[in-house]
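Notes follow the structure.
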Amino acid sequence: MKPLFQDDTELLNRLKDDDRSAFEVMYRRHWQQLYDFALMKTHDADVAEEIIQDLFVTIWEKRESLHIQNLRSYLFTAVRNRVIDHYKEKIFAEIDNIEPPQAPEYSFFLEELEATMQHSIAKLPIKTQRIFLLNRFEGHTVRQISTELNLPERTVEYHITQALRIMKTLLKEFIAPCLVAFVSSIY
Amino acid sequence: MNKHHLHKLLTRYRSGDCTEQEKRLVEQWFALIDGDESHHAYQQNQQTEERIWMAIQGRYQPASSWKGKLLPLLTWRWAAAVLLLITAWGTYQFDHNRRAGKQALEGNITQGLVVKTNDTALPLLLALEDGTEVSLLPNSSIEYPAKFQPGKREVFLKGKAFFKVFRDPQKPFFVYTGPIATQVLGTSFWIDSSDDSSAVEVSVVTGKVSVFQRIIGKNNVGENVGNGVVLIPNQRVTYSGKDQSFVTRLVEEPVMLDSYSGAFVFNDAPLDKVVDLLEKAYGIDIVLENDKLKNCLFTADLNKQPMFTKLDLISSSVNARYKIRGTKILLSGQGCPSN
């Protein structure tokens, strides 16, 4: 049984009516998963906290103009965008060469990234590759994959972990600039 | 060089002005930046929750949007969330309620009882004088005083309703449903009923609830207490009108206590440690039938599973079985040799 007051759709309606308690319920219901997600992606508790704080402040500020169909996916997308912004700023701060890259170089970079990505995926053992693609690039959950491929969830998790490890090593050049501390702490 | 390009790539992605290829690459890149040590290292606690929440509100202090109501919000908590469900109780019982209710409130109430009936197909939201909110479900009625008498808050319900009871220790909150009274002692709980025409069920999520038989016909409803039980989280009680008995059991899907914030990741953990953690997280007693079970080692990540799935996994990995005995869980099996 779900508390009737806490249905996301109703929370959103009540939020539009300036209902602070609905806002609090929304925060308390979702903060943990969003925070864990932000932390997993940023590896920085302060940054993760700031992201969650900013997100909810923005929601309250814009409550009258928000049109949210699915609150959960809205929140996760918002956190993802903020994580990307965080790296954008971080990488920018680390750029020592002020000369902007030339356009041909950039498209070469894209090709290289794409090729390395594909090359890395191709290097994964076939089963690991399949599970990894389903999970990381097609958004299937561990549970879904476990059902689809008729494998224990623990096995699926193992393949994903392995794949991430291999991919990160192979793609170090592209991932490392923003994750130096993190990557070196693992390997 | 890479940094420049990566920055440009992310900037283009966030501006929305990017090609399909760039979009795909950013999404793939994003999928790879996780820590691959498990997320469980990132266990959170209440302090973080409160700290962020305070910060969110703090950002609002100067703004007029909180209209000076900021302070109450900081300390404000619902005392209870209650679902009352006694659809099966017929008119007779409700009339009984009404009589009892009026009797109870007689002399103390100057503004009389408010009667609300929900004839619509949607829940009807009501606000009581003390800040308590009620969502009255279709085909349900509720009676409550426009102003509560001093010392206690009493409402009378027929049908189904969801209550969020405002915390006020000076004025206990009572909900009367047929022959049963439920008193809010702690923070949050549910009341439910079966389809059986004389059964009422109460289950507790957090906090404490007292459920007891009413002795109707005396002057003061709240204090004439017959048999009763006090429920703690993840327990439920079924009252059977037929033999006027209370049977206490576990709820169908126990939920973790709010106060618990630990992880459920075990790496060769002795079973008694695992069981200990489960007991703490759900506030449920787990009894090991055989001491040798303590020697068994358990390895798994149980963070996301519901409690009974956790138990299934634990049991099957140590070749044991569990049974629910009232409000306890009994784990039985051969156990493992000591190391």
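How things are named: the first chain in the structure tokens is A, the next is B, and so on; residues count from 1 in each chain; ligands count from 1 in the order shown.
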If we count only C-alpha atoms, what is near Leu12 in chain A at a cut-off of 8 Å, once residues fewer than 3 positions away on the same chain are taken out, given as a CSV table (one decimal) with C-alpha atoms, in the first residue's frame?
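Result file is out19.csv:
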chain,number,residue,atom,x,y,z
A,8,ASP,CA,4.5,11.7,-7.4
A,9,THR,CA,1.8,13.2,-9.7
A,15,LEU,CA,3.9,21.7,-5.4
A,16,LYS,CA,2.4,24.0,-8.0
A,22,ALA,CA,4.7,18.2,-0.8
A,68,ILE,CA,7.0,17.2,-15.5
Kindly assemble as a Markdown table a list of the chain A residues that lie within 6 Å of chain B, each paired with its nearest atom pair and their distance in Å to one decimal, using only C-alpha atoms, sorted first by chain and then by ascending residue number.
| residue | atom | partner | partner_atom | distance |
| --- | --- | --- | --- | --- |
| A:Met40 | CA | B:Asp34 | CA | 5.4 |
| A:Lys41 | CA | B:Asp34 | CA | 4.9 |
| A:Gln53 | CA | B:Ile56 | CA | 5.5 |
| A:Val57 | CA | B:Ile56 | CA | 5.8 |
| A:Lys88 | CA | B:His7 | CA | 5.5 |
| A:Tyr106 | CA | B:His5 | CA | 5.9 |
| A:Arg136 | CA | B:Ala31 | CA | 5.7 |
Top pick for closest residue to Ala115 in chain A, considering A:Phe37, A:Leu170, A:Ser73, A:Met26 and counting only C-alpha atoms: A:Leu170
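The closest residue to Glu173 in chain A, picked from A:Arg130, A:Leu113, A:Gln118, A:His140 and counting only C-alpha atoms, is A:Leu113.
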Residue contacts of Ser317 in chain B (10 Å, only C-alpha atoms) excluding same-chain residues fewer than 4 positions away, as a VMD selection string: chain B and resid 296 to 300 311 to 313
Sel. of helix (DSSP H, G or I) residues, chain A, as a VMD selection string: chain A and resid 4 to 6 8 to 16 20 to 42 45 to 61 71 to 94 103 to 123 126 to 137 142 to 149 153 to 170 172 to 186
Separation of CA of Glu20 in chain B from CA of Phe174 in chain A, in Å and rounded to one decimal: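 It comes out at 18.9 Å.
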Å distance separating CA of Leu257 in chain B from CA of Asp19 in chain A, one decimal place: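 That distance, rounded to one decimal, is 26.3 Å.
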Contacts of Arg80 in chain A at 8 Å (only C-alpha atoms; same-chain gap of 4+ positions) as a ChimeraX atom specification: /A:38,76,84
Computed interatomic separation between CA of Asn70 in chain A and CA of Glu153 in chain A (Å):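 Distance between the two atoms: 27.1 Å.
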Nearest to Ser240 in chain B, chosen from B:Phe266, B:Pro254, B:Gln213, B:Asn303, with only C-alpha atoms counted in the distances: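 The answer is B:Gln213, which sits nearest to Ser240 in chain B.
Proximity to range 169-178 of chain B at 6 Å, evaluated using only C-alpha atoms and with sequence-adjacent residues fewer than 6 positions away removed, yields Gln93, Gly151, Lys152, Arg153, Glu154, Val155, Phe156, Leu157 and Val184 of chain B.
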